[in-house]
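K.L.:
The following block contains the structure, expressed as C-alpha cells.
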Amino acid sequence: MEGLRHTLSVLVENNPGVLTRVAGLFSRRGFNIESLTVGRTESHNVSRMTIVVEADNRLLEQVTKQLHKLIDVIKISDITKEPHVDRDLVMIKVGAEPNQRMEIMHMAEVFRARVIDIAHKTMTFECTGNEGKINAFEESLRPYGIKELVRTGKVAMLRGSKFVSANED
C-alpha cells in the first residue's frame, strides 16, 4: 500500500554535512525523497529543508524521531495537512525556429512564464507555480522539443500568521 505524500519543513543549523546526514537517514530507511530543497532562512545560521516524501504515517513517525536525534536538526514540521503555500521553479529550453517564437511566447504567457534567454534556435523560459502548473507548462512545450529542463523541488511555508521558526515552540 502506498503512503501519503508528505511535505516536511525541517529547520537545521547551517553546518557542513547536515544535508548528507538528513538525506542519508531517509535513504537508509528505504525512503525515496521526491524533492528536497535547502536554503538559508531569515536567520543566517539556520537553513530550511523542504522535503517531499511518500510514506505511511507510521514510517514517517519513525523517520521523524530519528531526525530529531540528529544534532543539527532544530525543528521538524509536517505541514502536509496545514494550510500552506508552495512553489516550484522550472527553467525549460525549447527548440524555437524564428517562425515559431511568437506562438511559443503566447503559450508561455498563459502560464505567466518569462523568457530568460533567446538564442539562434532555442528559447529558455522560467516559470514558478505549484506542481500542477509546472507540469502543465512542461507538457505544453513538449511539442516544440524540450532541449533541456531543470526543476527545483518544492518550497513551502504555512499560510497567514502561522510560521515554522527555530524560536517557535
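By order of appearance in the C-alpha cells: chains A, B, ..., then residues from 1 within every chain, and ligands from 1 in the order shown.
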Which residues, written as a list in words, have at least one atom at most 12 Å from Leu59 in chain A, with only C-alpha atoms counted and residues fewer than 3 positions away on the same chain left out?

P.N.:
Glu2, Gly3, Leu4, His6, Phe26, Arg29, Gly30, Phe31, Val53, Glu54, Ala55, Asp56, Gln62, Val63, Thr64, Lys65 and Gln66 of chain A

K.L.:
So which residues of range 21-117 of chain A fall under strand (DSSP E or B) by DSSP, listed as a PyMOL selection string?

P.N.:
chain A and resi 33-40+46-55+73-78+84-95+114-117

K.L.:
Pick out the residues sitting within 6 Å of range 145-149 of chain A, and hand them over as a PyMOL selection string; count only C-alpha atoms, and ignore anything fewer than 4 positions along from it in its own chain.

P.N.:
chain A and resi 91-95

K.L.:
Between CA of Asp86 in chain A and CA of Val12 in chain A, what is the distance in Å, rounded to a tenth?

P.N.:
19.5 Å

K.L.:
Using only C-alpha atoms, which protein or nucleic acid residues come within 8 Å of Glu131 in chain A? Drop anything in the same chain fewer than 6 positions from it, and give the result as a tab-separated table (two decimals) with C-alpha atoms, in the first residue's frame.

P.N.:
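Ended up saving to selection.tsv:
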chain	number	residue	atom	x	y	z
A	87	ARG	CA	6.07	26.80	-5.31
A	88	ASP	CA	8.36	25.03	-7.74
A	154	LYS	CA	9.02	22.33	-3.71

K.L.:
Within 6 Å of Ser47 in chain A, counting only C-alpha atoms, which residues show up once you throw out same-chain ones fewer than 6 positions away? Write them as a CSV table (one decimal) with C-alpha atoms, in the first residue's frame, please.

P.N.:
chain,number,residue,atom,x,y,z
A,11,LEU,CA,14.9,23.7,10.3
A,12,VAL,CA,18.6,22.8,10.6
A,14,ASN,CA,23.8,25.8,8.9
A,39,GLY,CA,18.1,27.4,1.6
A,40,ARG,CA,19.0,30.0,4.2
A,41,THR,CA,16.2,31.4,6.3

K.L.:
I'd like to know which residues of chain A are alpha helix (DSSP H) (by DSSP, run on the backbone); could you write them as a ChimeraX atom specification?

P.N.:
/A:18-28,57-69,101-110,131-141

K.L.:
Print the selection's residues with C-alpha atoms to a file, as a compact mmCIF listing (two decimals), in the first residue's frame.

P.N.:
# COMPACT_ATOMS: atom_id res chain seq x y z
CA VAL A 18 23.88 18.39 7.58
CA LEU A 19 22.29 17.75 4.17
CA THR A 20 24.20 14.49 3.82
CA ARG A 21 23.14 13.33 7.30
CA VAL A 22 19.46 14.14 6.73
CA ALA A 23 19.30 12.61 3.24
CA GLY A 24 21.24 9.56 4.46
CA LEU A 25 18.74 8.95 7.21
CA PHE A 26 15.93 8.75 4.64
CA SER A 27 17.86 6.53 2.24
CA ARG A 28 18.95 4.07 4.97
CA ASN A 57 2.16 7.78 8.91
CA ARG A 58 3.85 5.07 11.00
CA LEU A 59 7.03 5.01 8.92
CA LEU A 60 7.15 8.78 8.72
CA GLU A 61 6.86 8.98 12.51
CA GLN A 62 9.86 6.65 12.86
CA VAL A 63 11.96 8.76 10.49
CA THR A 64 10.88 11.96 12.24
CA LYS A 65 12.03 10.54 15.59
CA GLN A 66 15.38 9.65 14.04
CA LEU A 67 15.70 13.12 12.52
CA HIS A 68 15.12 14.69 15.93
CA LYS A 69 18.18 12.78 17.19
CA ARG A 101 8.71 32.21 -31.47
CA MET A 102 5.50 34.22 -31.24
CA GLU A 103 3.44 31.05 -30.89
CA ILE A 104 5.73 29.74 -28.15
CA MET A 105 5.71 33.09 -26.33
CA HIS A 106 1.89 33.15 -26.37
CA MET A 107 1.91 29.66 -24.88
CA ALA A 108 4.29 30.83 -22.15
CA GLU A 109 2.11 33.87 -21.38
CA VAL A 110 -0.77 31.56 -20.46
CA GLU A 131 3.41 21.35 -9.12
CA GLY A 132 0.31 21.10 -11.34
CA LYS A 133 1.05 24.38 -13.11
CA ILE A 134 4.68 23.43 -13.68
CA ASN A 135 3.70 20.01 -15.04
CA ALA A 136 1.15 21.61 -17.40
CA PHE A 137 3.69 24.18 -18.63
CA GLU A 138 6.22 21.45 -19.32
CA GLU A 139 3.64 19.41 -21.26
CA SER A 140 2.56 22.43 -23.31
CA LEU A 141 6.15 22.95 -24.51

K.L.:
Which residues come within 8 Å of Arg114 in chain A, counting only C-alpha atoms, excluding same-chain residues fewer than 6 positions away, as a PyMOL selection string?

P.N.:
chain A and resi 108+125-127

K.L.:
With N, CA and C atoms kept, could you save the residues just selected as a compact mmCIF listing (two decimals), in the first residue's frame?

P.N.:
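New file selection02.txt:
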# COMPACT_ATOMS: atom_id res chain seq x y z
N ALA A 108 3.65 30.53 -23.43
CA ALA A 108 4.29 30.83 -22.15
C ALA A 108 3.49 31.87 -21.36
N PHE A 125 12.82 29.54 -20.87
CA PHE A 125 11.79 30.16 -20.04
C PHE A 125 11.99 29.80 -18.59
N GLU A 126 11.49 30.67 -17.71
CA GLU A 126 11.38 30.32 -16.29
C GLU A 126 9.92 30.45 -15.92
N CYS A 127 9.48 29.57 -15.04
CA CYS A 127 8.10 29.58 -14.60
C CYS A 127 8.06 29.11 -13.15

K.L.:
May I ask for the distance between CA of Ser161 in chain A and CA of Ser35 in chain A, given in Å to one decimal place?

P.N.:
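Separation of CA of Ser161 in chain A and CA of Ser35 in chain A: 25.8 Å.
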
K.L.:
In terms of the shortest atom-to-atom distance over only C-alpha atoms, which of A:Ala156, A:Val90, A:Leu8, A:Glu42 is closest to Ile116 in chain A?

P.N.:
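Of A:Ala156, A:Val90, A:Leu8, A:Glu42, the one nearest Ile116 in chain A is A:Val90, counting only C-alpha atoms.
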
K.L.:
Between A:His120, A:Ile33, A:Pro143, A:Val46, single out the one closest to Lys75 in chain A, counting only C-alpha atoms.

P.N.:
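Selected residue with least distance to Lys75 in chain A: A:Val46.
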
K.L.:
Quick one: pull the distance between CA of Ile71 in chain A and CA of Asn45 in chain A, Å, one decimal.

P.N.:
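Spanning CA of Ile71 in chain A to CA of Asn45 in chain A is a straight-line distance of 14.2 Å.
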
K.L.:
Check the smallest atom-to-atom distance from each of A:Val38, A:Ala119, A:Met49, A:Leu158 to Val10 in chain A using only C-alpha atoms, then report the winner.

P.N.:
A:Met49

K.L.:
Calculated over only C-alpha atoms, which of the candidates A:Thr124, A:Thr80, A:Ser165, A:Asn99 has the smallest distance to Arg48 in chain A?

P.N.:
A:Ser165

K.L.:
Which is closer to Thr128 in chain A than all the others in A:Arg5, A:Lys162, A:Arg151, A:His44, using only C-alpha atoms?

P.N.:
A:Arg151
